[in-house]
>>> print(open('target34.cif').read())   # mmCIF, C-alpha atoms and all ligand atoms
data_data
loop_
_atom_site.label_atom_id
_atom_site.label_comp_id
_atom_site.auth_asym_id
_atom_site.auth_seq_id
_atom_site.Cartn_x
_atom_site.Cartn_y
_atom_site.Cartn_z
CA MET A 1 16.62 -18.92 -22.74
CA THR A 2 15.28 -16.00 -24.80
CA THR A 3 11.81 -17.57 -24.66
CA ASP A 4 11.91 -17.56 -20.85
CA ILE A 5 13.16 -13.98 -20.79
CA LYS A 6 10.44 -12.89 -23.17
CA ALA A 7 7.77 -14.65 -21.12
CA ALA A 8 9.01 -12.91 -17.97
CA LEU A 9 9.04 -9.55 -19.74
CA ARG A 10 5.50 -10.08 -21.00
CA ALA A 11 4.34 -10.84 -17.47
CA LEU A 12 6.00 -7.72 -16.01
CA HIS A 13 3.39 -5.08 -15.23
CA ILE A 14 4.30 -1.52 -14.47
CA GLU A 15 1.68 0.65 -12.81
CA THR A 16 1.49 4.34 -13.67
CA PRO A 17 0.27 6.96 -11.18
CA SER A 18 -2.72 9.16 -11.96
CA TRP A 19 -0.85 12.18 -10.58
CA ALA A 20 1.88 11.90 -13.22
CA TYR A 21 -0.65 13.06 -15.83
CA GLY A 22 -1.58 16.25 -13.98
CA ASN A 23 0.45 19.41 -13.63
CA SER A 24 3.22 19.38 -11.04
CA GLY A 25 6.24 21.41 -10.15
CA THR A 26 8.30 22.57 -7.26
CA ARG A 27 7.47 24.89 -4.41
CA PHE A 28 8.73 27.66 -6.70
CA LYS A 29 6.52 27.15 -9.74
CA VAL A 30 4.11 24.72 -11.34
CA PHE A 31 4.28 25.05 -15.12
CA ALA A 32 0.98 24.28 -16.80
CA GLN A 33 1.10 22.14 -19.93
CA GLN A 34 -1.33 21.82 -22.82
CA GLY A 35 -3.86 19.00 -22.89
CA VAL A 36 -3.56 18.14 -19.20
CA PRO A 37 -6.52 16.15 -17.78
CA ARG A 38 -9.23 18.03 -15.89
CA ASP A 39 -10.56 15.04 -13.97
CA PRO A 40 -9.73 11.44 -13.03
CA TYR A 41 -11.55 10.13 -16.12
CA GLU A 42 -9.20 12.04 -18.40
CA LYS A 43 -6.19 10.89 -16.36
CA LEU A 44 -7.25 7.29 -16.99
CA ALA A 45 -7.56 8.01 -20.70
CA ASP A 46 -3.94 9.22 -20.75
CA ALA A 47 -2.76 6.23 -18.75
CA ALA A 48 -4.53 3.98 -21.27
CA GLN A 49 -2.32 5.53 -23.97
CA VAL A 50 0.80 4.47 -22.09
CA HIS A 51 -0.56 0.94 -21.93
CA ALA A 52 -1.67 0.97 -25.56
CA HIS A 53 1.86 1.76 -26.76
CA THR A 54 3.92 -0.27 -24.28
CA GLY A 55 1.58 -3.20 -23.59
CA VAL A 56 2.90 -3.52 -20.03
CA ALA A 57 1.17 -0.74 -18.07
CA PRO A 58 -2.32 -2.16 -17.49
CA THR A 59 -3.11 -0.51 -14.14
CA VAL A 60 -3.28 3.02 -12.77
CA ALA A 61 -2.77 4.08 -9.15
CA LEU A 62 -5.27 6.55 -7.74
CA HIS A 63 -4.62 9.22 -5.13
CA ILE A 64 -7.44 10.18 -2.78
CA PRO A 65 -8.73 12.91 -2.62
CA TRP A 66 -7.00 14.07 -5.84
CA ASP A 67 -9.02 11.45 -7.71
CA LYS A 68 -12.21 11.81 -5.73
CA VAL A 69 -15.34 10.99 -7.76
CA ALA A 70 -18.97 10.47 -6.85
CA ASP A 71 -19.09 6.88 -8.07
CA TYR A 72 -15.91 4.79 -7.86
CA GLY A 73 -17.58 1.77 -9.43
CA HIS A 74 -18.33 3.92 -12.44
CA LEU A 75 -14.71 5.12 -12.59
CA ALA A 76 -13.46 1.52 -12.48
CA ALA A 77 -15.89 0.56 -15.26
CA HIS A 78 -14.64 3.51 -17.32
CA ALA A 79 -11.05 2.29 -16.79
CA ARG A 80 -12.02 -1.18 -17.99
CA GLU A 81 -13.58 0.28 -21.14
CA LEU A 82 -10.29 2.04 -21.82
CA GLY A 83 -8.41 -1.24 -21.38
CA VAL A 84 -6.84 -0.51 -17.99
CA GLY A 85 -7.64 -1.31 -14.36
CA ILE A 86 -7.41 0.50 -11.04
CA GLY A 87 -4.22 -0.25 -9.14
CA ALA A 88 -3.13 0.90 -5.70
CA ILE A 89 -5.19 3.41 -3.77
CA ASN A 90 -2.87 6.07 -2.33
CA SER A 91 -4.09 7.73 0.82
CA ASN A 92 -3.46 11.40 1.55
CA VAL A 93 -3.23 12.57 5.13
CA PHE A 94 -0.81 15.38 4.45
CA GLN A 95 -2.74 18.21 2.83
CA ASP A 96 -5.38 19.17 5.36
CA ASP A 97 -4.79 22.04 7.78
CA ALA A 98 -5.56 19.67 10.63
CA TYR A 99 -2.37 17.72 9.89
CA MET A 100 0.14 20.46 10.67
CA LEU A 101 1.50 18.47 13.62
CA GLY A 102 0.90 15.07 12.07
CA SER A 103 -1.95 12.79 11.03
CA VAL A 104 -2.10 9.36 12.67
CA THR A 105 0.69 10.36 15.06
CA ASN A 106 -0.78 13.78 15.94
CA PRO A 107 -0.89 14.47 19.69
CA ASP A 108 -4.58 15.41 19.32
CA PRO A 109 -6.84 12.33 19.32
CA ALA A 110 -9.48 14.13 17.23
CA VAL A 111 -6.97 14.64 14.41
CA ARG A 112 -5.89 11.03 14.69
CA ARG A 113 -9.52 9.93 14.35
CA LYS A 114 -9.95 12.11 11.26
CA ALA A 115 -6.83 10.63 9.65
CA LEU A 116 -7.90 7.08 10.42
CA ALA A 117 -11.36 7.74 8.98
CA HIS A 118 -9.68 8.77 5.71
CA LEU A 119 -7.56 5.61 5.62
CA LEU A 120 -10.66 3.48 6.18
CA GLU A 121 -12.48 5.41 3.46
CA CYS A 122 -9.61 4.42 1.15
CA VAL A 123 -10.36 0.76 1.91
CA ASP A 124 -14.01 1.43 0.97
CA ILE A 125 -12.71 2.80 -2.34
CA MET A 126 -10.66 -0.36 -2.79
CA ASP A 127 -13.86 -2.37 -2.33
CA ALA A 128 -15.68 -0.23 -4.89
CA THR A 129 -12.92 -0.30 -7.51
CA GLY A 130 -11.65 -3.84 -6.98
CA SER A 131 -8.23 -2.57 -5.94
CA ALA A 132 -6.22 -4.97 -3.80
CA THR A 133 -3.60 -2.54 -2.56
CA LEU A 134 -3.61 0.42 -0.20
CA LYS A 135 -0.50 2.57 -0.10
CA LEU A 136 0.20 4.42 3.11
CA TRP A 137 2.64 7.26 3.24
CA PHE A 138 2.72 9.58 6.24
CA SER A 139 4.34 12.98 6.18
CA ASP A 140 4.28 12.81 9.98
CA GLY A 141 7.24 13.89 12.01
CA THR A 142 8.64 16.81 13.95
CA ASN A 143 10.81 19.78 13.13
CA TYR A 144 12.41 20.48 16.50
CA PRO A 145 14.00 18.42 19.25
CA GLY A 146 11.51 18.10 22.09
CA GLN A 147 8.55 19.06 19.91
CA ASP A 148 6.75 15.78 20.60
CA ASP A 149 7.39 12.41 22.21
CA ILE A 150 9.11 10.24 19.61
CA ARG A 151 8.10 7.03 21.34
CA ALA A 152 4.45 8.02 21.87
CA ARG A 153 4.21 8.83 18.17
CA GLN A 154 5.26 5.25 17.39
CA ASP A 155 2.48 4.00 19.70
CA ARG A 156 -0.07 6.15 17.88
CA LEU A 157 1.20 4.98 14.50
CA SER A 158 1.00 1.38 15.59
CA GLU A 159 -2.58 1.82 16.78
CA ALA A 160 -3.70 3.37 13.47
CA LEU A 161 -1.97 0.71 11.39
CA ALA A 162 -3.64 -2.04 13.42
CA ALA A 163 -7.06 -0.47 12.82
CA VAL A 164 -6.47 -0.28 9.07
CA TYR A 165 -5.11 -3.82 9.00
CA ALA A 166 -8.23 -5.11 10.75
CA ARG A 167 -10.42 -3.49 8.08
CA LEU A 168 -8.64 -5.16 5.12
CA GLY A 169 -10.51 -7.84 3.20
CA GLU A 170 -9.25 -11.33 2.37
CA ASP A 171 -7.42 -10.33 -0.79
CA GLN A 172 -6.39 -6.85 0.24
CA ARG A 173 -3.10 -5.64 1.64
CA PHE A 174 -1.46 -2.41 2.60
CA LEU A 175 1.99 -1.21 1.70
CA LEU A 176 3.73 1.03 4.20
CA GLU A 177 6.04 3.59 2.62
CA TYR A 178 9.03 5.12 4.35
CA LYS A 179 10.84 8.35 3.62
CA LEU A 180 13.94 9.73 5.23
CA PHE A 181 12.84 13.33 5.66
CA GLU A 182 10.60 16.02 4.23
CA PRO A 183 8.28 17.62 5.04
CA ALA A 184 9.43 16.93 8.60
CA PHE A 185 13.03 17.93 9.10
CA TYR A 186 14.03 16.63 12.52
CA THR A 187 12.26 13.30 13.01
CA THR A 188 10.08 11.38 10.60
CA ASP A 189 7.78 8.73 12.06
CA VAL A 190 8.43 6.19 9.28
CA PRO A 191 11.90 7.25 8.13
CA ASP A 192 13.38 3.98 6.88
CA TRP A 193 12.73 0.42 5.80
CA GLY A 194 13.56 -0.95 9.25
CA THR A 195 10.76 1.03 10.89
CA ALA A 196 8.30 0.08 8.16
CA TYR A 197 9.39 -3.55 8.34
CA ALA A 198 9.00 -3.75 12.12
CA HIS A 199 5.43 -2.41 11.99
CA CYS A 200 4.50 -4.71 9.11
CA LEU A 201 6.04 -7.75 10.72
CA LYS A 202 3.99 -7.25 13.87
CA LEU A 203 0.76 -6.94 11.90
CA GLY A 204 0.99 -9.94 9.59
CA PRO A 205 1.10 -11.01 5.95
CA LYS A 206 -1.28 -8.33 4.65
CA ALA A 207 1.17 -5.59 5.64
CA GLN A 208 4.25 -5.12 3.45
CA VAL A 209 6.88 -2.48 2.79
CA VAL A 210 7.00 -0.31 -0.33
CA VAL A 211 10.36 0.99 -1.48
CA ASP A 212 10.17 4.44 -3.05
CA THR A 213 13.58 4.68 -4.69
CA GLY A 214 13.76 8.43 -4.04
CA HIS A 215 13.27 8.17 -0.29
CA HIS A 216 16.78 7.34 0.89
CA ALA A 217 19.89 9.21 1.91
CA PRO A 218 22.52 9.56 -0.82
CA GLY A 219 24.61 6.45 -1.21
CA VAL A 220 22.19 4.03 0.44
CA ASN A 221 22.40 0.57 -1.10
CA ILE A 222 18.78 0.11 -2.17
CA GLU A 223 19.32 -3.30 -3.74
CA PHE A 224 20.40 -4.64 -0.37
CA ILE A 225 17.11 -3.49 1.13
CA VAL A 226 15.27 -5.13 -1.75
CA ALA A 227 17.13 -8.42 -1.30
CA PHE A 228 16.47 -8.42 2.44
CA LEU A 229 12.76 -7.58 2.24
CA LEU A 230 12.13 -10.09 -0.54
CA ARG A 231 13.82 -12.82 1.45
CA GLU A 232 11.47 -12.04 4.34
CA GLY A 233 8.36 -11.92 2.14
CA LYS A 234 7.90 -8.28 3.04
CA LEU A 235 8.62 -6.48 -0.22
CA GLY A 236 5.19 -5.29 -1.30
CA GLY A 237 6.23 -3.05 -4.13
CA PHE A 238 8.15 -0.14 -5.53
CA ASP A 239 7.50 3.49 -6.12
CA PHE A 240 10.00 3.97 -8.91
CA ASN A 241 11.58 7.31 -9.74
CA SER A 242 15.08 8.74 -9.74
CA ARG A 243 16.85 11.35 -7.75
CA PHE A 244 19.98 13.42 -7.81
CA TYR A 245 19.51 15.22 -4.51
CA ALA A 246 16.37 14.50 -2.47
CA ASP A 247 12.90 13.26 -3.43
CA ASP A 248 13.30 14.56 -6.99
CA ASP A 249 10.63 12.33 -8.58
CA LEU A 250 12.52 12.27 -11.87
CA MET A 251 12.01 9.52 -14.44
CA VAL A 252 13.10 6.12 -13.17
CA GLY A 253 16.33 4.95 -14.71
CA ALA A 254 17.19 8.44 -15.93
CA ALA A 255 19.61 9.46 -13.19
CA ASP A 256 21.14 6.06 -12.51
CA PRO A 257 20.20 3.22 -14.87
CA PHE A 258 22.88 1.03 -13.29
CA GLN A 259 21.22 1.30 -9.88
CA LEU A 260 17.88 0.34 -11.44
CA PHE A 261 19.56 -2.69 -13.03
CA ARG A 262 21.07 -3.71 -9.66
CA ILE A 263 17.67 -3.40 -8.01
CA MET A 264 15.96 -5.43 -10.72
CA TYR A 265 18.66 -8.06 -10.52
CA GLU A 266 17.85 -8.57 -6.83
CA VAL A 267 14.16 -8.70 -7.72
CA VAL A 268 14.82 -11.42 -10.30
CA ARG A 269 17.25 -13.24 -8.00
CA GLY A 270 14.76 -13.22 -5.13
CA GLY A 271 11.77 -14.41 -7.16
CA GLY A 272 10.16 -10.97 -7.01
CA LEU A 273 8.76 -11.18 -10.53
CA GLU A 274 6.52 -14.02 -9.36
CA ALA A 275 5.86 -12.82 -5.79
CA GLY A 276 3.15 -10.21 -6.36
CA VAL A 277 5.52 -7.27 -5.98
CA ALA A 278 3.84 -4.12 -7.35
CA PHE A 279 6.05 -2.24 -9.78
CA MET A 280 4.66 1.27 -9.56
CA LEU A 281 5.94 4.59 -10.79
CA ASP A 282 5.74 7.58 -8.44
CA GLN A 283 6.91 10.47 -10.56
CA CYS A 284 6.10 13.98 -11.58
CA HIS A 285 6.84 15.42 -14.98
CA ASN A 286 7.46 19.08 -14.30
CA ILE A 287 9.19 20.19 -17.49
CA GLU A 288 8.80 17.22 -19.86
CA PRO A 289 5.57 16.13 -21.57
CA LYS A 290 3.71 13.75 -19.30
CA ILE A 291 2.50 10.83 -21.42
CA PRO A 292 5.87 10.40 -23.18
CA GLY A 293 7.52 10.80 -19.76
CA GLN A 294 5.54 7.83 -18.51
CA ILE A 295 6.20 5.80 -21.67
CA ARG A 296 9.94 6.43 -21.34
CA SER A 297 9.85 5.43 -17.66
CA VAL A 298 8.00 2.19 -18.39
CA MET A 299 10.59 1.40 -21.07
CA ASN A 300 13.43 2.13 -18.64
CA VAL A 301 12.03 -0.39 -16.14
CA GLN A 302 11.57 -2.91 -18.94
CA GLU A 303 15.15 -2.44 -20.13
CA ALA A 304 16.62 -2.81 -16.64
CA THR A 305 14.51 -5.94 -16.09
CA ALA A 306 15.58 -7.44 -19.41
CA LYS A 307 19.24 -6.90 -18.48
CA ALA A 308 18.65 -8.41 -15.05
CA LEU A 309 17.06 -11.45 -16.67
CA LEU A 310 20.09 -11.79 -18.95
CA VAL A 311 22.49 -12.31 -16.05
CA ASP A 312 24.03 -15.77 -16.42
CA ARG A 313 23.04 -17.01 -12.99
CA ASP A 314 24.97 -20.30 -13.27
CA ALA A 315 28.18 -18.56 -14.27
CA LEU A 316 27.64 -16.02 -11.52
CA ALA A 317 27.08 -18.70 -8.88
CA ALA A 318 30.19 -20.59 -10.04
CA ALA A 319 32.32 -17.44 -9.82
CA GLN A 320 30.88 -16.55 -6.43
CA THR A 321 31.46 -20.00 -4.96
CA GLY A 322 34.95 -20.06 -6.38
CA GLY A 323 35.76 -16.73 -4.81
CA ASP A 324 36.37 -15.22 -8.24
CA VAL A 325 35.67 -11.58 -7.44
CA LEU A 326 36.45 -10.14 -10.85
CA GLY A 327 34.81 -13.01 -12.71
CA ALA A 328 31.57 -12.57 -10.75
CA ASN A 329 31.57 -8.86 -11.31
CA ALA A 330 32.19 -9.42 -15.04
CA VAL A 331 29.14 -11.69 -15.33
CA LEU A 332 26.94 -8.94 -13.92
CA MET A 333 28.53 -6.23 -16.07
CA ASP A 334 28.18 -8.31 -19.24
CA ALA A 335 24.43 -8.39 -18.74
CA TYR A 336 24.27 -4.71 -17.86
CA ASN A 337 26.26 -3.76 -20.95
CA THR A 338 24.04 -5.74 -23.32
CA ASP A 339 21.85 -3.64 -25.59
CA VAL A 340 18.39 -5.09 -24.93
CA ARG A 341 16.52 -2.62 -27.10
CA PRO A 342 16.35 -4.96 -30.13
CA LEU A 343 14.98 -7.75 -27.91
CA LEU A 344 12.27 -5.45 -26.53
CA ALA A 345 11.40 -4.16 -30.00
CA GLU A 346 11.00 -7.76 -31.16
CA LEU A 347 8.86 -8.59 -28.15
CA ARG A 348 6.54 -5.67 -28.91
CA GLU A 349 6.20 -6.61 -32.56
CA GLU A 350 5.33 -10.16 -31.55
CA THR A 351 2.40 -8.80 -29.57
CA GLY A 352 1.22 -6.52 -32.37
CA LEU A 353 2.73 -3.30 -31.01
CA ALA A 354 4.98 -0.83 -32.76
CA PRO A 355 8.66 -1.49 -31.95
CA ASP A 356 9.24 2.05 -30.65
CA PRO A 357 6.49 3.23 -28.27
CA MET A 358 7.83 6.81 -28.11
CA ALA A 359 7.67 7.21 -31.88
CA ALA A 360 4.30 5.45 -32.10
CA TYR A 361 2.79 7.79 -29.51
CA ALA A 362 4.23 10.86 -31.24
CA LYS A 363 2.72 9.71 -34.54
CA SER A 364 -0.66 8.80 -33.05
CA GLY A 365 -1.97 12.38 -32.94
CA TYR A 366 -3.26 11.87 -29.38
CA PHE A 367 -1.41 14.86 -28.00
CA GLU A 368 -2.78 17.19 -30.71
CA LYS A 369 -6.26 15.82 -29.96
CA ILE A 370 -6.16 16.42 -26.19
CA ALA A 371 -4.49 19.81 -26.63
CA ALA A 372 -7.40 20.88 -28.84
CA GLU A 373 -10.15 19.21 -26.82
CA ARG A 374 -9.15 19.93 -23.25
CA VAL A 375 -9.79 23.60 -23.19
CA GLY A 376 -11.55 25.23 -20.26
CA GLY A 377 -12.10 23.65 -16.87
CA THR A 378 -9.39 23.33 -14.27
CA GLN A 379 -6.32 21.31 -15.06
CA ALA A 380 -5.50 18.57 -12.61
CA GLY A 381 -2.53 19.07 -10.38
CA TRP A 382 -1.52 18.60 -6.79
CA GLY A 383 -4.65 19.06 -4.76
CA ALA A 384 -7.05 18.20 -7.59
C1 LIG B 401 5.06 11.11 -1.24
C2 LIG B 401 5.11 9.60 -1.40
C3 LIG B 401 3.81 9.02 -1.90
C4 LIG B 401 3.17 9.84 -2.96
C5 LIG B 401 3.15 11.30 -2.60
C6 LIG B 401 2.61 12.13 -3.72
O1 LIG B 401 6.35 11.62 -1.15
O2 LIG B 401 6.15 9.27 -2.26
O3 LIG B 401 4.03 7.74 -2.42
O4 LIG B 401 1.87 9.39 -3.06
O5 LIG B 401 4.44 11.75 -2.29
MN MN B 402 6.10 7.31 -3.19
#
>>> encode(input="target34.cif", output="structure tokens")
Amino acid sequence: MTTDIKAALRALHIETPSWAYGNSGTRFKVFAQQGVPRDPYEKLADAAQVHAHTGVAPTVALHIPWDKVADYGHLAAHARELGVGIGAINSNVFQDDAYMLGSVTNPDPAVRRKALAHLLECVDIMDATGSATLKLWFSDGTNYPGQDDIRARQDRLSEALAAVYARLGEDQRFLLEYKLFEPAFYTTDVPDWGTAYAHCLKLGPKAQVVVDTGHHAPGVNIEFIVAFLLREGKLGGFDFNSRFYADDDLMVGAADPFQLFRIMYEVVRGGGLEAGVAFMLDQCHNIEPKIPGQIRSVMNVQEATAKALLVDRDALAAAQTGGDVLGANAVLMDAYNTDVRPLLAELREETGLAPDPMAAYAKSGYFEKIAAERVGGTQAGWGA
């Protein structure tokens, strides 16, 4: 039993986002931190630290154009030298002046062409870096009733998605991300999993849905969405983070570790650990140090997964079939209430890692090194 759980935990890969290593903040203030990377190469070096101490974060998601470089093949080779690989390529059609009224759903065909050209360029970058995954998130929507034709915007979206889909290679896929609101306040063109699912279903197997845990209304049962999408073969991945109010981008498992456990239980239950689901973090560390913030987040996902793997599935099934409501609930809660930290410490030691990644990073001297070395230049942040 423990051997199986350990094997599953060793196989679990959590992808960190390049943008988590740069400065970020709110619309009120971005607080600069010491030692922050000045370019994508330095972001990869920081991500490699997270992998070095946790052993389960071997890939890094890029965001284009924040991670624009002259030679993507060179960047991928640099990543390999650091012991990590390039993960999902995140497109960005939300920061150009042209996109004020939308990108792929903009009423102006010239803007739509510009947005599509960027998405196709992202597939070129996938080719150059060996990435198999394109992540599409659109900030498109409207602020006022009557502002644009809701239905026509779906047609435009559908057309753009079909063009991107047609450009994908054999082993490439795209993940369509939904978000309830923000920056659009009245309608959003991909507001929920149902909209994303419908578009992906029409396109085929290389189009899947990505669940950003911060992109729902309060109280939405995310594990239900996960169970449903997995059952349909349409759960492409996660953008993990946690929220108290809106799209807070706080550390996954910090606000609601029980929700994370419930989500990971449905992943385990639905065979998601073996189904190529991408477990990505989409977070910003505004007030906490960034590398430890990522290490803590990776550990939180690991802990929730370990607890999910501990659920006694036979006992649960027996209680469920027997209509034993309290018994079934108790099986789940027993797993959730188990302290899995000793198991994870043991697992790390078995693979030659320190048992406590947070302490190991703090002792490594890496932060002192980057704080001293990374002086001058422009720190990376949103838009760079
Ligand atoms: C969006 C969405 C995307 C992420 C950007 C930075 O809200 O979550 O996944 O790439 O933010
Ligand atoms: Mn996201």
>>> axis_aligned_box(input="target34.cif", around="ligand LIG 401 (chain B)", padding_each_side="4 Å", output="JSON")
{"center_x": 4.1, "center_y": 9.9, "center_z": -2.4, "size_x": 12.5, "size_y": 12.4, "size_z": 10.6}
>>> residues_near_ligand(input="target34.cif", ligand="ligand LIG 401 (chain B)", cutoff="7 Å", atoms="only C-alpha atoms and all ligand atoms", output="ChimeraX atom specification")
/A:63,90,137,177,212,239,282
>>> closest_atom_pairs(input="target34.cif", of="chain A", to="ligand MN 402 (chain B)", cutoff="9 Å", atoms="only C-alpha atoms and all ligand atoms", output="Markdown table")
| residue | atom | partner | partner_atom | distance |
| --- | --- | --- | --- | --- |
| A:Lys135 | CA | B:MN402 | MN | 8.7 |
| A:Trp137 | CA | B:MN402 | MN | 7.3 |
| A:Glu177 | CA | B:MN402 | MN | 6.9 |
| A:Tyr178 | CA | B:MN402 | MN | 8.4 |
| A:Lys179 | CA | B:MN402 | MN | 8.4 |
| A:Val210 | CA | B:MN402 | MN | 8.2 |
| A:Val211 | CA | B:MN402 | MN | 7.8 |
| A:Asp212 | CA | B:MN402 | MN | 5.0 |
| A:Thr213 | CA | B:MN402 | MN | 8.1 |
| A:Gly214 | CA | B:MN402 | MN | 7.8 |
| A:His215 | CA | B:MN402 | MN | 7.8 |
| A:Phe238 | CA | B:MN402 | MN | 8.1 |
| A:Asp239 | CA | B:MN402 | MN | 5.0 |
| A:Phe240 | CA | B:MN402 | MN | 7.7 |
| A:Asn241 | CA | B:MN402 | MN | 8.5 |
| A:Asp249 | CA | B:MN402 | MN | 8.6 |
| A:Met280 | CA | B:MN402 | MN | 8.9 |
| A:Leu281 | CA | B:MN402 | MN | 8.1 |
| A:Asp282 | CA | B:MN402 | MN | 5.3 |
| A:Gln283 | CA | B:MN402 | MN | 8.1 |
>>> write_last_selection(input="target34.cif", atoms="C-alpha atoms", output="mmCIF file, in the coordinates of the input")
data_model
loop_
_atom_site.group_PDB
_atom_site.id
_atom_site.type_symbol
_atom_site.label_atom_id
_atom_site.label_comp_id
_atom_site.auth_asym_id
_atom_site.auth_seq_id
_atom_site.Cartn_x
_atom_site.Cartn_y
_atom_site.Cartn_z
ATOM 1 C CA LYS A 135 -0.500 2.570 -0.100
ATOM 2 C CA TRP A 137 2.640 7.260 3.240
ATOM 3 C CA GLU A 177 6.040 3.590 2.620
ATOM 4 C CA TYR A 178 9.030 5.120 4.350
ATOM 5 C CA LYS A 179 10.840 8.350 3.620
ATOM 6 C CA VAL A 210 7.000 -0.310 -0.330
ATOM 7 C CA VAL A 211 10.360 0.990 -1.480
ATOM 8 C CA ASP A 212 10.170 4.440 -3.050
ATOM 9 C CA THR A 213 13.580 4.680 -4.690
ATOM 10 C CA GLY A 214 13.760 8.430 -4.040
ATOM 11 C CA HIS A 215 13.270 8.170 -0.290
ATOM 12 C CA PHE A 238 8.150 -0.140 -5.530
ATOM 13 C CA ASP A 239 7.500 3.490 -6.120
ATOM 14 C CA PHE A 240 10.000 3.970 -8.910
ATOM 15 C CA ASN A 241 11.580 7.310 -9.740
ATOM 16 C CA ASP A 249 10.630 12.330 -8.580
ATOM 17 C CA MET A 280 4.660 1.270 -9.560
ATOM 18 C CA LEU A 281 5.940 4.590 -10.790
ATOM 19 C CA ASP A 282 5.740 7.580 -8.440
ATOM 20 C CA GLN A 283 6.910 10.470 -10.560
#
>>> closest_residue(input="target34.cif", among="A:Ser242, A:Ala132, A:Ile291, A:Gly327", to="A:Ala255", atoms="only C-alpha atoms")
A:Ser242
>>> atom_distance(input="target34.cif", atom1="atom CA of A:Gly194", atom2="atom CA of A:Thr16")
26.4 Å
>>> atom_distance(input="target34.cif", atom1="atom CA of A:Leu9", atom2="atom CA of A:Val56")
8.6 Å
>>> closest_residue(input="target34.cif", among="A:Ala308, A:Leu12, A:Val298, A:Val69", to="A:Ala275", atoms="all atoms listed in the file")
A:Leu12
>>> closest_residue(input="target34.cif", among="A:Ala360, A:Ile222, A:Val164, A:Leu326", to="A:Asp192", atoms="all atoms listed in the file")
A:Ile222
>>> residues_around(input="target34.cif", residues="A:Gly25", least_positions_apart="2", cutoff="6 Å", atoms="all atoms listed in the file", output="list in words")
Lys29, Val30 and Asn286 of chain A
>>> closest_residue(input="target34.cif", among="A:Asp46, A:Asp4, A:Asp324, A:Glu303", to="A:Ser18", atoms="all atoms listed in the file")
A:Asp46
>>> closest_residue(input="target34.cif", among="A:Ala115, A:Ala45, A:Leu180, A:Leu136", to="A:Pro58", atoms="only C-alpha atoms")
A:Ala45
>>> atom_distance(input="target34.cif", atom1="atom CA of A:Glu170", atom2="atom CA of A:Lys206")
8.8 Å
>>> build_atoms(input="target34.cif", residues="stretch 20-29 of chain A", atoms="N, CA, C and O atoms", output="PDB file, in the frame of the given file")
ATOM      1  N   ALA A  20       0.831  11.573 -12.240  1.00  0.00           N
ATOM      2  CA  ALA A  20       1.880  11.900 -13.220  1.00  0.00           C
ATOM      3  C   ALA A  20       1.301  12.607 -14.444  1.00  0.00           C
ATOM      4  O   ALA A  20       2.026  13.257 -15.194  1.00  0.00           O
ATOM      5  N   TYR A  21      -0.020  12.472 -14.639  1.00  0.00           N
ATOM      6  CA  TYR A  21      -0.650  13.060 -15.830  1.00  0.00           C
ATOM      7  C   TYR A  21      -1.118  14.495 -15.593  1.00  0.00           C
ATOM      8  O   TYR A  21      -1.461  15.208 -16.521  1.00  0.00           O
ATOM      9  N   GLY A  22      -1.165  14.891 -14.315  1.00  0.00           N
ATOM     10  CA  GLY A  22      -1.580  16.250 -13.980  1.00  0.00           C
ATOM     11  C   GLY A  22      -0.376  17.179 -13.915  1.00  0.00           C
ATOM     12  O   GLY A  22       0.782  16.739 -14.018  1.00  0.00           O
ATOM     13  N   ASN A  23      -0.648  18.456 -13.751  1.00  0.00           N
ATOM     14  CA  ASN A  23       0.450  19.410 -13.630  1.00  0.00           C
ATOM     15  C   ASN A  23       1.153  19.246 -12.283  1.00  0.00           C
ATOM     16  O   ASN A  23       0.528  18.953 -11.269  1.00  0.00           O
ATOM     17  N   SER A  24       2.449  19.456 -12.289  1.00  0.00           N
ATOM     18  CA  SER A  24       3.220  19.380 -11.040  1.00  0.00           C
ATOM     19  C   SER A  24       4.405  20.317 -11.176  1.00  0.00           C
ATOM     20  O   SER A  24       4.681  20.852 -12.255  1.00  0.00           O
ATOM     21  N   GLY A  25       5.094  20.510 -10.084  1.00  0.00           N
ATOM     22  CA  GLY A  25       6.240  21.410 -10.150  1.00  0.00           C
ATOM     23  C   GLY A  25       6.988  21.380  -8.841  1.00  0.00           C
ATOM     24  O   GLY A  25       6.988  20.377  -8.139  1.00  0.00           O
ATOM     25  N   THR A  26       7.595  22.461  -8.527  1.00  0.00           N
ATOM     26  CA  THR A  26       8.300  22.570  -7.260  1.00  0.00           C
ATOM     27  C   THR A  26       7.573  23.593  -6.408  1.00  0.00           C
ATOM     28  O   THR A  26       6.558  24.154  -6.831  1.00  0.00           O
ATOM     29  N   ARG A  27       8.124  23.872  -5.233  1.00  0.00           N
ATOM     30  CA  ARG A  27       7.470  24.890  -4.410  1.00  0.00           C
ATOM     31  C   ARG A  27       7.684  26.295  -5.008  1.00  0.00           C
ATOM     32  O   ARG A  27       7.101  27.261  -4.555  1.00  0.00           O
ATOM     33  N   PHE A  28       8.500  26.355  -6.064  1.00  0.00           N
ATOM     34  CA  PHE A  28       8.730  27.660  -6.700  1.00  0.00           C
ATOM     35  C   PHE A  28       7.732  27.953  -7.808  1.00  0.00           C
ATOM     36  O   PHE A  28       7.254  29.061  -7.940  1.00  0.00           O
ATOM     37  N   LYS A  29       7.423  26.918  -8.606  1.00  0.00           N
ATOM     38  CA  LYS A  29       6.520  27.150  -9.740  1.00  0.00           C
ATOM     39  C   LYS A  29       5.990  25.841 -10.302  1.00  0.00           C
ATOM     40  O   LYS A  29       6.740  24.866 -10.441  1.00  0.00           O
TER      41      LYS A  29
END
